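Shown next: data.cif, given as mmCIF, C-alpha atoms.
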data_start
loop_
_atom_site.label_atom_id
_atom_site.label_comp_id
_atom_site.auth_asym_id
_atom_site.auth_seq_id
_atom_site.Cartn_x
_atom_site.Cartn_y
_atom_site.Cartn_z
CA MET A 7 114.57 79.76 114.18
CA ASP A 8 116.02 78.96 110.77
CA LYS A 9 119.61 77.74 111.00
CA TYR A 10 120.50 80.12 108.15
CA VAL A 11 119.09 83.23 109.87
CA ASN A 12 120.52 84.79 113.03
CA ILE A 13 120.39 88.12 114.81
CA ILE A 14 123.83 89.55 115.53
CA GLU A 15 125.32 92.90 116.49
CA ASP A 16 127.66 94.76 114.16
CA THR A 17 130.81 96.55 115.35
CA THR A 18 128.75 99.61 116.35
CA GLY A 19 126.36 97.54 118.50
CA LYS A 20 123.41 97.77 116.10
CA LYS A 21 121.40 94.62 115.48
CA VAL A 22 121.36 93.07 112.04
CA VAL A 23 119.64 89.94 110.71
CA LEU A 24 122.32 87.72 109.19
CA ILE A 25 120.92 85.57 106.37
CA ASP A 26 123.50 82.93 105.43
CA ASN A 27 121.61 81.34 102.55
CA ILE A 28 120.98 82.81 99.11
CA ARG A 29 117.76 80.94 98.40
CA PHE A 30 116.49 83.11 95.55
CA ARG A 31 118.99 83.43 92.74
CA GLY A 32 118.74 85.00 89.37
CA LYS A 33 121.28 86.41 86.97
CA ARG A 34 118.72 88.57 85.19
CA LYS A 35 115.41 88.20 86.97
CA ILE A 36 114.08 87.01 90.32
CA ASN A 37 111.20 84.52 90.27
CA TRP A 38 108.81 86.59 92.40
CA LYS A 39 106.10 83.89 92.25
CA GLU A 40 108.54 81.58 94.06
CA VAL A 41 109.21 84.30 96.67
CA GLU A 42 105.47 84.85 97.11
CA GLN A 43 104.94 81.12 97.60
CA TYR A 44 107.69 81.05 100.24
CA LEU A 45 106.13 84.01 102.11
CA LYS A 46 102.79 82.21 102.40
CA GLU A 47 104.43 80.11 105.15
CA TYR A 48 104.24 83.19 107.42
CA VAL A 49 100.52 83.92 106.90
CA GLY A 50 98.56 83.63 110.13
CA LYS A 51 101.60 84.03 112.36
CA SER A 52 102.50 87.00 114.52
CA TYR A 53 105.78 88.42 115.81
CA VAL A 54 106.70 90.94 118.48
CA ILE A 55 108.84 94.02 117.88
CA THR A 56 111.25 94.04 120.81
CA GLU A 57 111.65 97.84 121.00
CA THR A 58 107.91 98.59 121.28
CA SER A 59 106.44 95.22 122.37
CA GLU A 60 103.91 95.54 119.53
CA LYS A 61 102.50 92.35 118.07
CA ILE A 62 102.60 92.35 114.27
CA HIS A 63 100.48 89.88 112.34
CA ILE A 64 101.14 88.47 108.89
CA GLY A 65 97.96 88.67 106.84
CA LYS A 66 97.08 86.90 103.61
CA ASP A 67 97.74 90.10 101.59
CA PHE A 68 101.43 90.28 102.60
CA PRO A 69 102.97 87.72 100.16
CA ASP A 70 101.29 89.27 97.11
CA GLU A 71 102.13 92.84 98.13
CA TYR A 72 105.75 91.97 98.95
CA ALA A 73 106.33 90.24 95.62
CA GLY A 74 104.13 92.40 93.41
CA SER A 75 104.25 95.96 94.76
CA GLN A 76 105.38 99.01 92.78
CA ASP A 77 108.44 99.14 95.03
CA THR A 78 109.36 95.57 94.10
CA ALA A 79 108.76 96.15 90.39
CA GLY A 80 111.25 99.02 90.44
CA LEU A 81 114.06 96.96 91.97
CA LYS A 82 116.87 95.70 89.77
CA GLY A 83 120.04 93.68 90.26
CA THR A 84 121.47 93.53 93.78
CA LEU A 85 118.48 95.24 95.41
CA ALA A 86 115.97 92.85 93.82
CA LYS A 87 118.08 89.89 94.96
CA ALA A 88 118.34 91.45 98.44
CA LYS A 89 114.57 91.91 98.79
CA ALA A 90 113.88 88.38 97.55
CA ASN A 91 116.33 86.86 100.04
CA ALA A 92 115.22 89.13 102.89
CA ALA A 93 111.99 87.09 102.82
CA GLN A 94 113.86 84.41 104.79
CA GLY A 95 114.41 86.81 107.70
CA VAL A 96 111.02 88.52 108.00
CA PRO A 97 110.33 87.35 111.60
CA GLN A 98 113.77 88.43 112.80
CA MET A 99 113.61 91.74 110.89
CA LEU A 100 110.36 92.50 112.70
CA GLN A 101 111.91 91.52 116.02
CA ILE A 102 114.79 94.01 115.66
CA ALA A 103 112.74 96.81 114.02
CA THR A 104 113.43 100.29 115.41
CA HIS A 105 112.46 103.97 115.06
CA PRO A 106 108.68 103.76 114.65
CA THR A 107 106.92 106.54 112.77
CA PHE A 108 103.19 106.93 112.16
CA SER A 109 101.25 108.44 109.27
CA ASP A 110 97.55 108.67 108.55
CA ASN A 111 96.04 106.81 105.64
CA TYR A 112 95.28 109.17 102.76
CA GLU A 113 94.52 106.65 100.01
CA GLU A 114 90.95 105.63 99.25
CA LYS A 115 92.01 102.10 98.30
CA HIS A 116 93.23 101.46 101.88
CA ILE A 117 90.20 102.97 103.64
CA HIS A 118 89.33 99.64 105.30
CA ASP A 119 92.58 97.66 105.47
CA ALA A 120 94.58 100.61 106.90
CA LYS A 121 91.73 102.51 108.52
CA TYR A 122 93.89 103.69 111.41
CA GLY A 123 96.95 104.58 109.35
CA TRP A 124 100.44 103.21 108.87
CA ASN A 125 103.47 102.55 111.04
CA ARG A 126 106.94 102.36 109.56
CA TYR A 127 109.97 100.80 111.22
CA ASP A 128 113.62 100.58 110.23
CA SER A 129 115.35 97.22 110.08
CA ARG A 130 118.63 95.79 108.78
CA PHE A 131 119.77 92.54 107.24
CA ALA A 132 122.98 91.14 105.76
CA LEU A 133 123.57 88.75 102.87
CA PRO A 134 126.76 86.85 102.04
CA VAL A 135 129.08 87.69 99.15
CA HIS A 136 130.88 84.61 97.84
CA ASP A 137 134.24 84.32 96.11
CA GLU A 138 134.95 82.28 92.98
CA VAL A 139 135.10 78.97 94.86
CA GLY A 140 131.91 79.59 96.85
CA ASP A 141 133.40 80.65 100.18
CA VAL A 142 131.91 83.64 102.00
CA LYS A 143 134.15 86.69 101.51
CA ARG A 144 132.02 89.18 103.44
CA TYR A 145 128.42 90.23 104.10
CA ASN A 146 126.69 93.19 102.50
CA VAL A 147 124.42 95.03 104.93
CA PHE A 148 121.09 96.46 103.78
CA THR A 149 118.57 98.78 105.43
CA ALA A 150 114.85 98.36 104.94
CA ARG A 151 111.59 100.04 105.91
CA MET A 152 108.91 97.75 107.38
CA LEU A 153 105.43 99.04 106.42
CA ILE A 154 102.75 98.08 108.96
CA ARG A 155 99.07 98.75 108.40
CA CYS A 156 96.85 99.59 111.36
CA ALA A 157 93.65 97.76 110.47
CA GLU A 158 90.00 98.24 111.27
CA ASP A 159 90.06 95.13 113.52
CA GLY A 160 92.56 96.92 115.81
CA LYS A 161 95.47 94.67 114.82
CA LYS A 162 98.68 95.64 113.06
CA TYR A 163 99.71 93.77 109.93
CA LEU A 164 102.97 93.68 108.01
CA TYR A 165 102.11 95.04 104.57
CA ASP A 166 105.43 95.31 102.73
CA ILE A 167 109.16 95.89 103.11
CA LEU A 168 110.26 99.00 101.25
CA ARG A 169 113.26 101.18 100.50
CA ILE A 170 115.86 98.46 100.59
CA LYS A 171 119.24 100.07 100.30
CA LYS A 172 122.77 98.76 100.60
CA GLU A 173 124.67 100.43 103.41
CA THR A 174 127.78 102.23 102.25
CA SER A 175 129.60 101.53 105.49
CA THR A 176 132.15 98.76 105.76
CA PRO A 177 130.49 95.38 105.14
CA LEU A 178 130.47 92.76 107.86
CA GLY A 179 133.56 90.53 107.90
CA GLN A 180 133.22 86.79 107.77
#
When written as structure tokens, how does the structure in this file appear?
Amino acid sequence: MDKYVNIIEDTTGKKVVLIDNIRFRGKRKINWKEVEQYLKEYVGKSYVITETSEKIHIGKDFPDEYAGSQDTAGLKGTLAKAKANAAQGVPQMLQIATHPTFSDNYEEKHIHDAKYGWNRYDSRFALPVHDEVGDVKRYNVFTARMLIRCAEDGKKYLYDILRIKKETSTPLGQ
């Protein structure tokens, strides 16, 4: 496990992936090619969702979809930075994923890669907010939707992480 990524519980007992390192920075724009390159380290690996005991594989399409999807293109500012840095906690975010929902595949373009539909899971992660001197002031907590495709080969593959939103509740203390 990365020394900068840990699973903790917040004050309400919900799990959250704490990411202590802001690896992908950008005042105006995130370098999504760099994020995509980083995500290629996960390809070929699999992780288990604790709540359902489902094994989720990381396929070769994941890095490109994560960095180049319509959802990613629409992100600006804090949410773009959050999605880019969430890449560091993908295995842990899968591990703590909750509330599975299923939907059939209705798009022709996914007729083979998501032949048996889609699963969606909720997950949470937190990123540090630094003060002027670089010390961590607090952590902002974000929610995300993990999109899993149910493939023709019978396996489940992480396809993208969508709907990243900052929680409006009190941020995590230091």
For the structure provided, state which residues fall under the PyMOL selection byres ((chain A and resi 93) around 10), and present them as JSON, numbers by chain.
{"A": [25, 29, 30, 41, 42, 44, 45, 48, 69, 72, 73, 88, 89, 90, 91, 92, 94, 95, 96, 97, 99, 167]}
Counting only C-alpha atoms, which residue out of A:Arg155, A:Arg130, A:Lys171, A:Arg34 sits closest to Asp16 of chain A?
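So, comparing all the options, the nearest one is A:Arg130.
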From the set A:Val135, A:Ala103, A:Leu164, A:Val23, which residue has the shortest atom-to-atom contact distance to Val49 of chain A, counting only C-alpha atoms?
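Comparing A:Val135, A:Ala103, A:Leu164, A:Val23 against Val49 of chain A, the winner is A:Leu164.
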I want to know what sits within 9 Å of Glu71 of chain A, based on only C-alpha atoms, with residues of the same chain fewer than 5 positions away left out; could you give that as a list in words?
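Surrounding residues, per the criterion: Glu42, Gln76, Thr78, Tyr165 and Asp166 of chain A.
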Would you output that residue set with C-alpha atoms, as a short mmCIF file (atom, residue, chain, number, x, y, z; two decimals), in the frame of the given file?
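Output below, filename again.cif:
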data_model
loop_
_atom_site.label_atom_id
_atom_site.label_comp_id
_atom_site.auth_asym_id
_atom_site.auth_seq_id
_atom_site.Cartn_x
_atom_site.Cartn_y
_atom_site.Cartn_z
CA GLU A 42 105.47 84.85 97.11
CA GLN A 76 105.38 99.01 92.78
CA THR A 78 109.36 95.57 94.10
CA TYR A 165 102.11 95.04 104.57
CA ASP A 166 105.43 95.31 102.73
#
When you draw a straight line from atom CA of Tyr10 of chain A to atom CA of Asn125 of chain A, how long is it in Å?
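Going from atom CA of Tyr10 of chain A over to atom CA of Asn125 of chain A covers 28.3 Å.
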Adding 8 Å on each side of the box along x, y and z that holds all listed atoms of segment 145-154 of chain A, could you give its centre and edge lengths in Å to one decimal, as AutoDock Vina command-line options?
--center_x 115.6 --center_y 95.1 --center_z 105.7 --size_x 41.7 --size_y 25.8 --size_z 22.5
In Å, rounded to a single decimal, give me how far atom CA of Met152 of chain A is from atom CA of Arg126 of chain A.
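Straight-line distance from atom CA of Arg126 of chain A to atom CA of Met152 of chain A works out to 5.5 Å.
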With distances taken over all atoms listed in the file, which of A:Ile13, A:Leu24, A:Gly19, A:Arg31 is nearest to Arg144 of chain A?
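Among the listed residues, the smallest separation from Arg144 of chain A belongs to A:Leu24.
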Please build the interface table for segment 81-165 of chain A against segment 58-63 of chain A with a cut-off of 8 Å, listing for each qualifying residue the nearest atom pair and the distance in Å to one decimal; count only C-alpha atoms, order rows by chain and increasing number, and write it as JSON lines.
{"residue": "A:Leu100", "atom": "CA", "partner": "A:Ile62", "partner_atom": "CA", "distance": 7.9}
{"residue": "A:Ile154", "atom": "CA", "partner": "A:Ile62", "partner_atom": "CA", "distance": 7.8}
{"residue": "A:Lys161", "atom": "CA", "partner": "A:His63", "partner_atom": "CA", "distance": 7.4}
{"residue": "A:Lys162", "atom": "CA", "partner": "A:Ile62", "partner_atom": "CA", "distance": 5.3}
{"residue": "A:Tyr163", "atom": "CA", "partner": "A:His63", "partner_atom": "CA", "distance": 4.6}
{"residue": "A:Leu164", "atom": "CA", "partner": "A:His63", "partner_atom": "CA", "distance": 6.3}
Restricted to C-alpha atoms, what would the selected residues look like written as a CSV table (one decimal), keeping the file's coordinate frame?
chain,number,residue,atom,x,y,z
A,100,LEU,CA,110.4,92.5,112.7
A,154,ILE,CA,102.8,98.1,109.0
A,161,LYS,CA,95.5,94.7,114.8
A,162,LYS,CA,98.7,95.6,113.1
A,163,TYR,CA,99.7,93.8,109.9
A,164,LEU,CA,103.0,93.7,108.0
To one decimal in Å, tell me the separation between atom CA of Asp137 of chain A and atom CA of Lys87 of chain A.
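Distance between the two atoms: 17.1 Å.
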Nearby residues (only C-alpha atoms) at most 8 Å from Asn27 of chain A, same-chain spacing under 6 positions excluded, as a list of chain:residue names:
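Near neighbours after the sequence-gap exclusion: A:Tyr10, A:Val11, A:Leu133, A:Pro134.
Using all atoms listed in the file, the shortest contact distance between Ser109 of chain A and any of A:Ile170, A:Thr149, A:Lys66, A:Lys121 is found at A:Lys121.
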Given the point (95.5, 104.3, 110.1) in the file's coordinates, find the residues that have an atom at most 7 Å from it, counting all atoms listed in the file, and give them as an mmCIF file with C-alpha atoms, in the frame of the given file.
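selection.cif was written with the following content:
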data_model
loop_
_atom_site.group_PDB
_atom_site.id
_atom_site.type_symbol
_atom_site.label_atom_id
_atom_site.label_comp_id
_atom_site.auth_asym_id
_atom_site.auth_seq_id
_atom_site.Cartn_x
_atom_site.Cartn_y
_atom_site.Cartn_z
ATOM 1 C CA ASP A 110 97.550 108.670 108.550
ATOM 2 C CA ASN A 111 96.040 106.810 105.640
ATOM 3 C CA ALA A 120 94.580 100.610 106.900
ATOM 4 C CA LYS A 121 91.730 102.510 108.520
ATOM 5 C CA TYR A 122 93.890 103.690 111.410
ATOM 6 C CA GLY A 123 96.950 104.580 109.350
ATOM 7 C CA TRP A 124 100.440 103.210 108.870
ATOM 8 C CA ARG A 155 99.070 98.750 108.400
ATOM 9 C CA CYS A 156 96.850 99.590 111.360
ATOM 10 C CA ALA A 157 93.650 97.760 110.470
#
Do a neighbour search on Lys172 of chain A at 8 Å with all atoms listed in the file, toss out local chain neighbours closer than 4 positions, and write the hits as a PyMOL selection string.
chain A and resi 85+146-149
Can we get segment 31-78 of chain A of that structure written down with N, CA and C atoms, as a PDB file, in the first residue's frame?
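out-v6.pdb, written as the output of this step:
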ATOM      1  N   ARG A  31      -0.664  18.497 -10.054  1.00  0.00           N
ATOM      2  CA  ARG A  31      -0.955  19.902  -9.777  1.00  0.00           C
ATOM      3  C   ARG A  31      -1.205  20.628 -11.083  1.00  0.00           C
ATOM      4  N   GLY A  32      -1.895  21.730 -10.955  1.00  0.00           N
ATOM      5  CA  GLY A  32      -2.111  22.567 -12.119  1.00  0.00           C
ATOM      6  C   GLY A  32      -2.940  23.767 -11.737  1.00  0.00           C
ATOM      7  N   LYS A  33      -2.415  24.936 -11.960  1.00  0.00           N
ATOM      8  CA  LYS A  33      -3.166  26.153 -11.648  1.00  0.00           C
ATOM      9  C   LYS A  33      -4.348  26.288 -12.600  1.00  0.00           C
ATOM     10  N   ARG A  34      -4.113  26.042 -13.868  1.00  0.00           N
ATOM     11  CA  ARG A  34      -5.148  26.223 -14.883  1.00  0.00           C
ATOM     12  C   ARG A  34      -5.643  24.899 -15.466  1.00  0.00           C
ATOM     13  N   LYS A  35      -4.716  23.972 -15.671  1.00  0.00           N
ATOM     14  CA  LYS A  35      -5.074  22.759 -16.392  1.00  0.00           C
ATOM     15  C   LYS A  35      -4.283  21.562 -15.867  1.00  0.00           C
ATOM     16  N   ILE A  36      -4.957  20.447 -15.751  1.00  0.00           N
ATOM     17  CA  ILE A  36      -4.326  19.193 -15.340  1.00  0.00           C
ATOM     18  C   ILE A  36      -3.711  18.537 -16.581  1.00  0.00           C
ATOM     19  N   ASN A  37      -2.539  17.952 -16.422  1.00  0.00           N
ATOM     20  CA  ASN A  37      -1.916  17.203 -17.507  1.00  0.00           C
ATOM     21  C   ASN A  37      -2.491  15.782 -17.477  1.00  0.00           C
ATOM     22  N   TRP A  38      -3.576  15.573 -18.233  1.00  0.00           N
ATOM     23  CA  TRP A  38      -4.279  14.291 -18.212  1.00  0.00           C
ATOM     24  C   TRP A  38      -3.454  13.168 -18.835  1.00  0.00           C
ATOM     25  N   LYS A  39      -2.522  13.490 -19.732  1.00  0.00           N
ATOM     26  CA  LYS A  39      -1.637  12.459 -20.296  1.00  0.00           C
ATOM     27  C   LYS A  39      -0.756  11.873 -19.192  1.00  0.00           C
ATOM     28  N   GLU A  40      -0.317  12.728 -18.280  1.00  0.00           N
ATOM     29  CA  GLU A  40       0.488  12.274 -17.138  1.00  0.00           C
ATOM     30  C   GLU A  40      -0.350  11.384 -16.215  1.00  0.00           C
ATOM     31  N   VAL A  41      -1.605  11.751 -15.994  1.00  0.00           N
ATOM     32  CA  VAL A  41      -2.509  10.943 -15.168  1.00  0.00           C
ATOM     33  C   VAL A  41      -2.735   9.595 -15.841  1.00  0.00           C
ATOM     34  N   GLU A  42      -2.981   9.607 -17.138  1.00  0.00           N
ATOM     35  CA  GLU A  42      -3.192   8.367 -17.893  1.00  0.00           C
ATOM     36  C   GLU A  42      -1.970   7.451 -17.788  1.00  0.00           C
ATOM     37  N   GLN A  43      -0.792   8.036 -17.918  1.00  0.00           N
ATOM     38  CA  GLN A  43       0.441   7.254 -17.806  1.00  0.00           C
ATOM     39  C   GLN A  43       0.544   6.612 -16.416  1.00  0.00           C
ATOM     40  N   TYR A  44       0.215   7.366 -15.381  1.00  0.00           N
ATOM     41  CA  TYR A  44       0.247   6.854 -14.013  1.00  0.00           C
ATOM     42  C   TYR A  44      -0.722   5.673 -13.851  1.00  0.00           C
ATOM     43  N   LEU A  45      -1.926   5.803 -14.415  1.00  0.00           N
ATOM     44  CA  LEU A  45      -2.948   4.762 -14.271  1.00  0.00           C
ATOM     45  C   LEU A  45      -2.573   3.456 -14.970  1.00  0.00           C
ATOM     46  N   LYS A  46      -1.686   3.509 -15.928  1.00  0.00           N
ATOM     47  CA  LYS A  46      -1.270   2.295 -16.637  1.00  0.00           C
ATOM     48  C   LYS A  46      -0.581   1.313 -15.696  1.00  0.00           C
ATOM     49  N   GLU A  47      -0.096   1.800 -14.549  1.00  0.00           N
ATOM     50  CA  GLU A  47       0.519   0.914 -13.551  1.00  0.00           C
ATOM     51  C   GLU A  47      -0.488  -0.088 -12.980  1.00  0.00           C
ATOM     52  N   TYR A  48      -1.772   0.234 -13.034  1.00  0.00           N
ATOM     53  CA  TYR A  48      -2.821  -0.641 -12.487  1.00  0.00           C
ATOM     54  C   TYR A  48      -3.292  -1.713 -13.468  1.00  0.00           C
ATOM     55  N   VAL A  49      -3.053  -1.518 -14.760  1.00  0.00           N
ATOM     56  CA  VAL A  49      -3.564  -2.434 -15.783  1.00  0.00           C
ATOM     57  C   VAL A  49      -3.074  -3.857 -15.523  1.00  0.00           C
ATOM     58  N   GLY A  50      -4.016  -4.788 -15.588  1.00  0.00           N
ATOM     59  CA  GLY A  50      -3.706  -6.193 -15.359  1.00  0.00           C
ATOM     60  C   GLY A  50      -3.883  -6.637 -13.917  1.00  0.00           C
ATOM     61  N   LYS A  51      -4.110  -5.695 -13.024  1.00  0.00           N
ATOM     62  CA  LYS A  51      -4.307  -6.037 -11.613  1.00  0.00           C
ATOM     63  C   LYS A  51      -5.794  -6.153 -11.309  1.00  0.00           C
ATOM     64  N   SER A  52      -6.100  -6.756 -10.183  1.00  0.00           N
ATOM     65  CA  SER A  52      -7.498  -6.852  -9.752  1.00  0.00           C
ATOM     66  C   SER A  52      -7.574  -6.582  -8.254  1.00  0.00           C
ATOM     67  N   TYR A  53      -8.746  -6.097  -7.841  1.00  0.00           N
ATOM     68  CA  TYR A  53      -8.982  -5.704  -6.452  1.00  0.00           C
ATOM     69  C   TYR A  53     -10.362  -6.197  -6.039  1.00  0.00           C
ATOM     70  N   VAL A  54     -10.534  -6.438  -4.743  1.00  0.00           N
ATOM     71  CA  VAL A  54     -11.793  -6.968  -4.238  1.00  0.00           C
ATOM     72  C   VAL A  54     -12.556  -5.884  -3.480  1.00  0.00           C
ATOM     73  N   ILE A  55     -13.840  -5.750  -3.808  1.00  0.00           N
ATOM     74  CA  ILE A  55     -14.723  -4.850  -3.080  1.00  0.00           C
ATOM     75  C   ILE A  55     -15.139  -5.571  -1.807  1.00  0.00           C
ATOM     76  N   THR A  56     -14.808  -5.012  -0.672  1.00  0.00           N
ATOM     77  CA  THR A  56     -15.045  -5.671   0.608  1.00  0.00           C
ATOM     78  C   THR A  56     -16.530  -5.967   0.832  1.00  0.00           C
ATOM     79  N   GLU A  57     -17.393  -5.003   0.551  1.00  0.00           N
ATOM     80  CA  GLU A  57     -18.828  -5.155   0.829  1.00  0.00           C
ATOM     81  C   GLU A  57     -19.467  -6.319   0.073  1.00  0.00           C
ATOM     82  N   THR A  58     -19.050  -6.560  -1.171  1.00  0.00           N
ATOM     83  CA  THR A  58     -19.692  -7.580  -2.005  1.00  0.00           C
ATOM     84  C   THR A  58     -18.797  -8.769  -2.329  1.00  0.00           C
ATOM     85  N   SER A  59     -17.520  -8.689  -1.993  1.00  0.00           N
ATOM     86  CA  SER A  59     -16.510  -9.705  -2.317  1.00  0.00           C
ATOM     87  C   SER A  59     -16.331  -9.897  -3.823  1.00  0.00           C
ATOM     88  N   GLU A  60     -16.713  -8.920  -4.616  1.00  0.00           N
ATOM     89  CA  GLU A  60     -16.540  -8.994  -6.062  1.00  0.00           C
ATOM     90  C   GLU A  60     -15.118  -8.613  -6.442  1.00  0.00           C
ATOM     91  N   LYS A  61     -14.564  -9.361  -7.373  1.00  0.00           N
ATOM     92  CA  LYS A  61     -13.232  -9.056  -7.887  1.00  0.00           C
ATOM     93  C   LYS A  61     -13.401  -8.138  -9.091  1.00  0.00           C
ATOM     94  N   ILE A  62     -12.708  -6.996  -9.046  1.00  0.00           N
ATOM     95  CA  ILE A  62     -12.773  -6.016 -10.122  1.00  0.00           C
ATOM     96  C   ILE A  62     -11.399  -5.931 -10.775  1.00  0.00           C
ATOM     97  N   HIS A  63     -11.372  -6.090 -12.071  1.00  0.00           N
ATOM     98  CA  HIS A  63     -10.138  -6.069 -12.843  1.00  0.00           C
ATOM     99  C   HIS A  63      -9.908  -4.679 -13.434  1.00  0.00           C
ATOM    100  N   ILE A  64      -8.656  -4.365 -13.669  1.00  0.00           N
ATOM    101  CA  ILE A  64      -8.306  -3.120 -14.339  1.00  0.00           C
ATOM    102  C   ILE A  64      -7.839  -3.487 -15.743  1.00  0.00           C
ATOM    103  N   GLY A  65      -8.637  -3.115 -16.725  1.00  0.00           N
ATOM    104  CA  GLY A  65      -8.331  -3.426 -18.115  1.00  0.00           C
ATOM    105  C   GLY A  65      -7.528  -2.316 -18.777  1.00  0.00           C
ATOM    106  N   LYS A  66      -7.041  -2.602 -19.975  1.00  0.00           N
ATOM    107  CA  LYS A  66      -6.203  -1.632 -20.675  1.00  0.00           C
ATOM    108  C   LYS A  66      -6.977  -0.402 -21.144  1.00  0.00           C
ATOM    109  N   ASP A  67      -8.310  -0.457 -21.155  1.00  0.00           N
ATOM    110  CA  ASP A  67      -9.115   0.702 -21.563  1.00  0.00           C
ATOM    111  C   ASP A  67      -9.315   1.713 -20.432  1.00  0.00           C
ATOM    112  N   PHE A  68      -9.066   1.314 -19.195  1.00  0.00           N
ATOM    113  CA  PHE A  68      -9.334   2.184 -18.048  1.00  0.00           C
ATOM    114  C   PHE A  68      -8.544   3.498 -18.057  1.00  0.00           C
ATOM    115  N   PRO A  69      -7.211   3.486 -18.232  1.00  0.00           N
ATOM    116  CA  PRO A  69      -6.472   4.758 -18.172  1.00  0.00           C
ATOM    117  C   PRO A  69      -6.963   5.797 -19.181  1.00  0.00           C
ATOM    118  N   ASP A  70      -7.219   5.370 -20.406  1.00  0.00           N
ATOM    119  CA  ASP A  70      -7.675   6.292 -21.443  1.00  0.00           C
ATOM    120  C   ASP A  70      -9.070   6.826 -21.134  1.00  0.00           C
ATOM    121  N   GLU A  71      -9.953   5.961 -20.681  1.00  0.00           N
ATOM    122  CA  GLU A  71     -11.322   6.396 -20.361  1.00  0.00           C
ATOM    123  C   GLU A  71     -11.316   7.358 -19.177  1.00  0.00           C
ATOM    124  N   TYR A  72     -10.558   7.033 -18.153  1.00  0.00           N
ATOM    125  CA  TYR A  72     -10.476   7.877 -16.951  1.00  0.00           C
ATOM    126  C   TYR A  72      -9.990   9.285 -17.297  1.00  0.00           C
ATOM    127  N   ALA A  73      -8.953   9.363 -18.102  1.00  0.00           N
ATOM    128  CA  ALA A  73      -8.340  10.649 -18.421  1.00  0.00           C
ATOM    129  C   ALA A  73      -9.002  11.368 -19.591  1.00  0.00           C
ATOM    130  N   GLY A  74      -9.742  10.647 -20.426  1.00  0.00           N
ATOM    131  CA  GLY A  74     -10.273  11.269 -21.627  1.00  0.00           C
ATOM    132  C   GLY A  74     -11.774  11.201 -21.806  1.00  0.00           C
ATOM    133  N   SER A  75     -12.514  10.817 -20.778  1.00  0.00           N
ATOM    134  CA  SER A  75     -13.967  10.680 -20.911  1.00  0.00           C
ATOM    135  C   SER A  75     -14.664  12.039 -20.973  1.00  0.00           C
ATOM    136  N   GLN A  76     -15.922  12.029 -21.387  1.00  0.00           N
ATOM    137  CA  GLN A  76     -16.731  13.251 -21.399  1.00  0.00           C
ATOM    138  C   GLN A  76     -16.855  13.813 -19.988  1.00  0.00           C
ATOM    139  N   ASP A  77     -16.974  12.932 -19.012  1.00  0.00           N
ATOM    140  CA  ASP A  77     -17.061  13.371 -17.614  1.00  0.00           C
ATOM    141  C   ASP A  77     -15.804  14.139 -17.223  1.00  0.00           C
ATOM    142  N   THR A  78     -14.647  13.617 -17.570  1.00  0.00           N
ATOM    143  CA  THR A  78     -13.379  14.272 -17.244  1.00  0.00           C
ATOM    144  C   THR A  78     -13.255  15.614 -17.970  1.00  0.00           C
TER     145      THR A  78
END
